[in-house]
file upload.cif (mmCIF, C-alpha atoms and all ligand atoms)
data_coords
#
loop_
_atom_site.label_atom_id
_atom_site.label_comp_id
_atom_site.auth_asym_id
_atom_site.auth_seq_id
_atom_site.Cartn_x
_atom_site.Cartn_y
_atom_site.Cartn_z
CA MET A 26 76.30 -53.63 35.18
CA THR A 27 74.22 -51.99 37.95
CA LYS A 28 75.27 -52.39 41.58
CA GLU A 29 72.25 -54.65 42.22
CA ASN A 30 73.07 -56.85 39.19
CA SER A 31 76.66 -57.12 40.31
CA ILE A 32 75.59 -58.21 43.83
CA GLN A 33 73.13 -60.68 42.29
CA SER A 34 75.81 -62.24 40.09
CA SER A 35 78.19 -62.45 43.09
CA LEU A 36 75.46 -64.22 45.09
CA ASP A 37 74.76 -66.59 42.22
CA PHE A 38 78.48 -67.37 42.10
CA ILE A 39 78.86 -68.18 45.83
CA SER A 40 75.58 -70.14 45.77
CA LYS A 41 77.21 -72.70 43.47
CA LYS A 42 79.37 -73.85 46.36
CA TRP A 43 77.61 -72.61 49.52
CA LYS A 44 74.04 -72.81 50.72
CA ILE A 45 72.89 -69.21 51.14
CA ASP A 46 69.71 -68.68 53.17
CA PRO A 47 67.09 -66.91 50.97
CA LYS A 48 66.66 -64.31 53.71
CA ILE A 49 70.40 -63.55 53.59
CA TYR A 50 70.12 -63.34 49.80
CA ASP A 51 67.40 -60.69 50.18
CA ILE A 52 69.47 -58.69 52.69
CA HIS A 53 72.38 -58.48 50.22
CA LEU A 54 69.96 -57.27 47.57
CA GLY A 55 68.42 -54.64 49.88
CA LYS A 56 65.03 -56.33 49.68
CA ARG A 57 64.30 -56.44 53.42
CA ASP A 58 62.76 -53.32 54.93
CA ASP A 59 62.56 -54.73 58.48
CA LEU A 60 66.32 -54.67 59.09
CA ILE A 61 67.22 -52.88 62.32
CA ASP A 62 70.58 -52.22 63.96
CA THR A 63 71.50 -53.71 67.32
CA LEU A 64 74.39 -51.79 68.87
CA ILE A 65 76.84 -53.81 70.91
CA GLN A 66 80.00 -52.26 72.31
CA ILE A 67 82.93 -54.65 72.58
CA ASN A 68 86.16 -53.18 73.87
CA GLN A 69 86.58 -49.91 71.97
CA VAL A 70 84.32 -50.66 69.01
CA VAL A 71 80.55 -50.22 68.63
CA PHE A 72 79.29 -53.00 66.37
CA HIS A 73 76.07 -52.51 64.41
CA ILE A 74 74.62 -56.01 64.14
CA PRO A 75 71.64 -56.24 61.79
CA LYS A 76 68.44 -57.95 62.92
CA LEU A 77 65.46 -59.06 60.85
CA SER A 78 62.77 -57.68 63.13
CA ASN A 79 59.89 -59.59 61.46
CA ASP A 80 61.68 -62.91 62.01
CA ASN A 81 63.38 -61.95 65.28
CA LEU A 82 66.70 -63.20 63.89
CA TYR A 83 70.16 -61.62 63.99
CA VAL A 84 72.51 -61.68 61.03
CA ILE A 85 75.84 -62.98 62.27
CA TRP A 86 78.98 -64.24 60.61
CA LYS A 87 81.93 -66.58 60.78
CA CYS A 88 84.76 -66.97 58.28
CA LEU A 89 84.75 -70.19 56.23
CA TRP A 90 88.45 -70.06 55.35
CA PRO A 91 90.31 -72.23 54.24
CA GLU A 92 87.39 -73.78 52.31
CA CYS A 93 86.51 -70.25 51.15
CA HIS A 94 88.86 -67.49 49.95
CA ASN A 95 86.39 -65.60 47.86
CA CYS A 96 87.36 -62.21 49.31
CA CYS A 97 90.87 -62.71 47.87
CA GLU A 98 89.51 -64.14 44.60
CA LYS A 99 87.29 -61.11 44.09
CA GLN A 100 89.24 -58.35 45.75
CA GLY A 101 87.96 -54.83 44.98
CA ARG A 102 90.69 -52.64 46.43
CA LEU A 103 93.59 -52.84 48.89
CA PRO A 104 94.08 -49.42 50.56
CA LEU A 105 97.36 -49.18 52.48
CA THR A 106 98.11 -47.56 55.80
CA GLN A 107 101.45 -46.00 56.64
CA ASP A 108 102.41 -49.22 58.49
CA ASP A 109 101.32 -51.39 55.53
CA ILE A 110 103.59 -49.39 53.23
CA THR A 111 106.53 -49.86 55.61
CA HIS A 112 105.99 -53.63 56.00
CA ILE A 113 105.02 -54.58 52.44
CA SER A 114 107.73 -52.50 50.77
CA LYS A 115 110.28 -54.35 52.90
CA ARG A 116 108.61 -57.72 52.27
CA LEU A 117 108.74 -57.17 48.50
CA GLY A 118 112.40 -56.17 48.72
CA TYR A 119 112.19 -52.47 47.83
CA PRO A 120 115.10 -50.33 49.02
CA SER A 121 112.77 -47.35 49.59
CA LYS A 122 109.07 -46.71 50.20
CA SER A 123 108.92 -44.25 47.29
CA GLU A 124 110.09 -46.94 44.85
CA PHE A 125 107.50 -49.33 46.25
CA ILE A 126 104.76 -46.68 45.90
CA ASN A 127 105.80 -45.97 42.29
CA GLU A 128 106.01 -49.63 41.25
CA GLU A 129 103.31 -51.40 43.26
CA THR A 130 100.48 -48.98 44.08
CA ASN A 131 97.77 -46.73 42.64
CA THR A 132 95.92 -43.88 44.34
CA SER A 133 92.23 -44.61 44.68
CA SER A 134 89.08 -42.95 46.05
CA TRP A 135 85.85 -44.64 47.10
CA GLN A 136 82.85 -44.27 49.32
CA GLU A 137 81.95 -46.54 52.23
CA ASN A 138 78.30 -47.37 52.93
CA ASP A 139 76.62 -48.88 55.96
CA THR A 140 74.47 -52.03 55.93
CA TYR A 141 71.53 -50.05 54.56
CA GLY A 142 73.49 -48.42 51.74
CA ASN A 143 73.81 -45.05 53.52
CA LEU A 144 77.00 -43.17 52.81
CA ILE A 145 79.47 -43.21 55.73
CA THR A 146 82.72 -41.76 54.38
CA PHE A 147 84.69 -40.85 51.29
CA LEU A 148 88.30 -42.03 51.43
CA THR A 149 91.32 -41.47 49.21
CA MET A 150 94.34 -43.65 49.87
CA ILE A 151 97.32 -45.34 48.26
CA SER A 152 96.22 -48.84 47.25
CA LEU A 153 98.30 -51.95 46.58
CA ARG A 154 97.90 -53.22 43.00
CA ARG A 155 96.03 -56.51 43.02
CA LYS A 156 97.76 -57.51 39.80
CA LYS A 157 101.14 -56.37 38.57
CA ASN A 158 99.82 -54.21 35.73
CA GLU A 159 96.60 -53.01 37.40
CA ASN A 160 95.50 -49.68 35.98
CA PRO A 161 93.58 -47.03 37.97
CA GLU A 162 90.38 -47.65 35.93
CA GLU A 163 90.17 -51.14 37.47
CA ASP A 164 89.84 -49.69 40.98
CA GLY A 165 86.77 -51.17 42.71
CA TYR A 166 86.35 -53.98 40.16
CA PRO A 167 86.83 -57.46 41.61
CA LEU A 168 90.14 -59.07 40.67
CA LYS A 169 91.94 -62.16 41.93
CA CYS A 170 94.71 -60.89 44.20
CA ARG A 171 98.20 -61.79 42.97
CA PHE A 172 99.24 -62.72 46.51
CA LEU A 173 96.72 -65.57 46.79
CA ASP A 174 98.44 -68.92 46.29
CA ASN A 175 96.89 -72.08 44.84
CA ASP A 176 96.05 -73.46 48.30
CA GLY A 177 94.15 -70.36 49.43
CA TYR A 178 96.97 -68.90 51.52
CA CYS A 179 98.20 -65.32 51.34
CA LYS A 180 101.83 -65.13 50.19
CA ILE A 181 102.37 -62.04 52.38
CA GLN A 182 100.23 -63.28 55.29
CA ASP A 183 102.14 -61.66 58.18
CA ASP A 184 102.48 -58.38 56.31
CA LYS A 185 99.20 -58.35 54.39
CA PRO A 186 97.35 -55.00 54.27
CA GLY A 187 95.44 -54.09 57.43
CA VAL A 188 92.23 -53.98 55.45
CA CYS A 189 92.56 -57.71 54.66
CA TRP A 190 92.20 -58.49 58.38
CA LEU A 191 88.89 -56.61 58.60
CA TYR A 192 86.69 -58.04 55.87
CA PRO A 193 83.67 -58.32 55.90
CA PHE A 194 83.43 -55.36 58.29
CA ALA A 195 83.31 -51.73 57.21
CA SER A 196 84.28 -49.24 59.90
CA TRP A 197 84.35 -45.53 60.60
CA ILE A 198 85.24 -43.08 63.37
CA GLU A 199 82.78 -40.76 65.09
CA SER A 200 84.08 -37.92 67.21
CA ARG A 201 82.15 -37.69 70.50
CA ASP A 202 83.15 -35.01 73.02
CA GLY A 203 86.52 -34.86 71.30
CA LYS A 204 87.09 -38.60 71.69
CA PRO A 205 87.15 -41.06 68.77
CA ILE A 206 84.41 -43.71 68.80
CA VAL A 207 85.00 -46.50 66.27
CA HIS A 208 81.96 -48.14 64.68
CA ALA A 209 81.79 -51.28 62.55
CA THR A 210 79.13 -52.90 60.41
CA PHE A 211 78.90 -55.72 57.89
CA GLN A 212 79.40 -55.18 54.17
CA PHE A 213 76.74 -56.92 52.10
CA THR A 214 78.38 -57.12 48.70
CA GLY A 215 77.29 -60.65 47.80
CA ASP A 216 80.85 -61.99 48.03
CA CYS A 217 80.97 -63.59 51.48
CA PRO A 218 79.16 -66.87 52.21
CA GLY A 219 79.88 -66.63 55.96
CA TYR A 220 76.64 -64.85 57.01
CA TYR A 221 73.90 -66.80 58.74
CA LEU A 222 70.85 -66.17 60.93
CA SER A 223 70.60 -66.81 64.65
CA LYS A 224 68.25 -66.02 67.53
CA SER A 225 71.21 -64.75 69.55
CA ILE A 226 74.40 -62.75 69.05
CA ASP A 227 76.16 -64.69 71.83
CA GLU A 228 78.02 -67.16 69.62
CA MET A 229 79.58 -64.29 67.72
CA VAL A 230 80.85 -62.37 70.75
CA PRO A 231 84.32 -64.04 70.79
CA ILE A 232 84.72 -63.17 67.07
CA LEU A 233 83.59 -59.58 67.71
CA SER A 234 86.06 -59.34 70.56
CA ASP A 235 88.92 -60.50 68.33
CA TYR A 236 87.88 -58.12 65.54
CA SER A 237 87.40 -55.18 67.92
CA PHE A 238 91.19 -54.92 68.37
CA LYS A 239 91.89 -55.26 64.65
CA ILE A 240 89.24 -52.70 63.73
CA TYR A 241 90.26 -50.18 66.40
CA ASN A 242 93.95 -50.41 65.55
CA TYR A 243 93.20 -50.17 61.83
CA ASN A 244 91.15 -47.00 62.29
CA MET A 245 93.85 -45.40 64.41
CA SER A 246 96.37 -46.37 61.76
CA VAL A 247 94.23 -44.84 58.99
CA SER A 248 94.02 -41.61 61.02
CA ARG A 249 97.79 -41.54 61.20
CA THR A 250 98.04 -42.31 57.48
CA ILE A 251 95.76 -39.36 56.76
CA ARG A 252 97.62 -37.07 59.18
CA GLU A 253 100.89 -37.96 57.49
CA GLY A 254 99.56 -37.09 54.04
CA LEU A 255 99.08 -40.60 52.63
CA GLY A 256 95.31 -40.30 52.36
CA VAL A 257 92.26 -38.14 53.00
CA THR A 258 88.88 -38.89 54.52
CA ASN A 259 85.58 -37.05 54.48
CA ILE A 260 83.19 -38.22 57.22
CA ILE A 261 79.55 -37.99 56.12
CA TYR A 262 77.57 -40.23 58.47
S1 LIG A 301 85.63 -63.46 54.96
FE1 LIG A 301 83.96 -64.43 53.81
S2 LIG A 301 84.67 -64.42 51.69
FE2 LIG A 301 86.48 -64.14 52.97
S3 LIG A 301 87.30 -66.18 53.34
FE3 LIG A 301 85.95 -65.70 55.05
S4 LIG A 301 83.98 -66.57 54.46
FE4 LIG A 301 85.20 -66.43 52.59
S1 LIG A 302 96.94 -59.50 50.17
FE1 LIG A 302 96.58 -61.60 50.84
S2 LIG A 302 94.82 -61.49 52.23
FE2 LIG A 302 94.87 -59.58 51.06
S3 LIG A 302 93.54 -59.96 49.28
FE3 LIG A 302 95.62 -60.49 48.66
S4 LIG A 302 95.79 -62.68 49.05
FE4 LIG A 302 94.00 -61.94 50.18
#
call {"tool": "encode", "arguments": {"input": "upload.cif", "output": "structure tokens"}}
result
Amino acid sequence: MTKENSIQSSLDFISKKWKIDPKIYDIHLGKRDDLIDTLIQINQVVFHIPKLSNDNLYVIWKCLWPECHNCCEKQGRLPLTQDDITHISKRLGYPSKSEFINEETNTSSWQENDTYGNLITFLTMISLRRKKNENPEEDGYPLKCRFLDNDGYCKIQDDKPGVCWLYPFASWIESRDGKPIVHATFQFTGDCPGYYLSKSIDEMVPILSDYSFKIYNYNMSVSRTIREGLGVTNIIY
């Protein structure tokens, strides 16, 4: 299945339950050529908020949980930071991190793209298996996460991987004058029904503020994970 077909089938799936604006549909499918970035710095993160310039509308987002838990139903990959490995290995009752890594994780590599499909980074990290017997060939394919319970709650909520707190944002670090600048943008994979259009970004500012801390801390944690040999990154953007 091509990437576009896979996004289309994801959109068709979420459309059975949620009303998805046709303009949002087209954005996911890369069919809008009037999408521009609006940069808004909140705390230590620069958010790239897309805007449909022909319609003068911003694309903004809010999470629809607990009615929706599609990101856990169709989870593509769960990369772990050093802190995640410490917390989840303890949570799952492993006497050592190495046993946890052997029994519960795979090593996976992937590329991150921005809203427009441009390549941002390549990353290689240790990833938590989404099902007990997940094999490395399933990396990137959507699977229902084994930690999702029947009521839509995460069974390891307080210790869940840092990446689970970030969706649907993708983020990356830019080095400017030797200082790290963290950027974040939306992922348009067809899996999240929370996007909508608005004339203003204002109503999303409190959400961006909340996420700015999560995103900044996650990126610093990934840097440490890489420094300590539990992953590699290759910044392209
Ligand atoms: S982030 Fe999107 S896909 Fe995940 S629960 Fe919220 S609305 Fe659903
Ligand atoms: S670990 Fe929890 S939050 Fe993360 S995908 Fe699984 S169920 Fe969802």
call {"tool": "closest_residue", "arguments": {"input": "upload.cif", "among": "A:Asn175, A:Gln66, A:Thr250, A:Gln136", "to": "A:Pro91", "atoms": "all atoms listed in the file"}}
result
A:Asn175
call {"tool": "closest_residue", "arguments": {"input": "upload.cif", "among": "A:Glu162, A:Asp37, A:Asp184, A:Glu92", "to": "A:Thr111", "atoms": "only C-alpha atoms"}}
result
A:Asp184
call {"tool": "closest_residue", "arguments": {"input": "upload.cif", "among": "A:Lys99, A:Lys185, A:Lys76, A:Arg249", "to": "ligand LIG 301 (chain A)", "atoms": "all atoms listed in the file"}}
result
A:Lys99
call {"tool": "residues_near_ligand", "arguments": {"input": "upload.cif", "ligand": "ligand LIG 301 (chain A)", "cutoff": "6 Å", "atoms": "all atoms listed in the file", "output": "number ranges by chain"}}
result
A: 88-90, 93-96, 192-193, 216-219
call {"tool": "closest_residue", "arguments": {"input": "upload.cif", "among": "A:Tyr178, A:Tyr220, A:Tyr119, A:Tyr243", "to": "ligand LIG 302 (chain A)", "atoms": "only C-alpha atoms and all ligand atoms"}}
result
A:Tyr178
call {"tool": "closest_atom_pairs", "arguments": {"input": "upload.cif", "of": "chain A", "to": "ligand LIG 302 (chain A)", "cutoff": "10 Å", "atoms": "all atoms listed in the file", "output": "CSV"}}
result
residue,atom,partner,partner_atom,distance
A:His94,CA,A:LIG302,FE4,7.6
A:Asn95,CA,A:LIG302,FE4,8.8
A:Cys96,CA,A:LIG302,S3,6.6
A:Cys97,CA,A:LIG302,FE4,4.0
A:Glu98,CA,A:LIG302,S3,7.5
A:Lys99,CA,A:LIG302,S3,8.2
A:Gln100,CA,A:LIG302,S3,5.8
A:Gly101,CA,A:LIG302,S3,8.7
A:Arg102,CA,A:LIG302,S3,8.4
A:Leu103,CA,A:LIG302,S3,7.1
A:Ile113,CA,A:LIG302,S1,9.7
A:Leu153,CA,A:LIG302,S1,8.5
A:Arg154,CA,A:LIG302,FE3,9.5
A:Arg155,CA,A:LIG302,FE3,6.9
A:Lys156,CA,A:LIG302,FE3,9.6
A:Leu168,CA,A:LIG302,S3,9.3
A:Lys169,CA,A:LIG302,S3,7.8
A:Cys170,CA,A:LIG302,FE3,4.6
A:Arg171,CA,A:LIG302,FE3,6.4
A:Phe172,CA,A:LIG302,S4,4.3
A:Leu173,CA,A:LIG302,S4,3.8
A:Asp174,CA,A:LIG302,S4,7.3
A:Gly177,CA,A:LIG302,S4,7.9
A:Tyr178,CA,A:LIG302,S4,6.8
A:Cys179,CA,A:LIG302,FE1,4.1
A:Lys180,CA,A:LIG302,FE1,6.4
A:Ile181,CA,A:LIG302,FE1,6.0
A:Gln182,CA,A:LIG302,FE1,6.0
A:Asp183,CA,A:LIG302,FE1,9.2
A:Asp184,CA,A:LIG302,S1,8.3
A:Lys185,CA,A:LIG302,S1,4.9
A:Pro186,CA,A:LIG302,S1,6.1
A:Gly187,CA,A:LIG302,FE2,8.4
A:Val188,CA,A:LIG302,FE2,7.6
A:Cys189,CA,A:LIG302,FE2,4.7
A:Trp190,CA,A:LIG302,S2,7.3
A:Leu191,CA,A:LIG302,S2,10.0
A:Tyr192,CA,A:LIG302,S2,9.6
call {"tool": "residues_around", "arguments": {"input": "upload.cif", "residues": "stretch 72-74 of chain A", "least_positions_apart": "3", "cutoff": "8 Å", "atoms": "all atoms listed in the file", "output": "ChimeraX atom specification"}}
result
/A:62-67,83-85,208-211,233
call {"tool": "atom_distance", "arguments": {"input": "upload.cif", "atom1": "atom CA of A:Ser31", "atom2": "atom CA of A:Pro75"}}
result
22.1 Å
call {"tool": "residues_near_point", "arguments": {"input": "upload.cif", "point": "(87.0, -49.9, 65.0)", "cutoff": "8 Å", "atoms": "all atoms listed in the file", "output": "PyMOL selection string"}}
result
chain A and resi 69-71+196-198+206-209+237-244
call {"tool": "atom_distance", "arguments": {"input": "upload.cif", "atom1": "atom CA of A:Lys56", "atom2": "atom CA of A:Trp86"}}
result
19.4 Å
call {"tool": "closest_residue", "arguments": {"input": "upload.cif", "among": "A:Gly142, A:Ser223, A:Leu148, A:Ser114", "to": "A:Lys48", "atoms": "all atoms listed in the file"}}
result
A:Ser223
call {"tool": "atom_distance", "arguments": {"input": "upload.cif", "atom1": "atom CA of A:Glu129", "atom2": "atom CA of A:Thr146"}}
result
25.3 Å
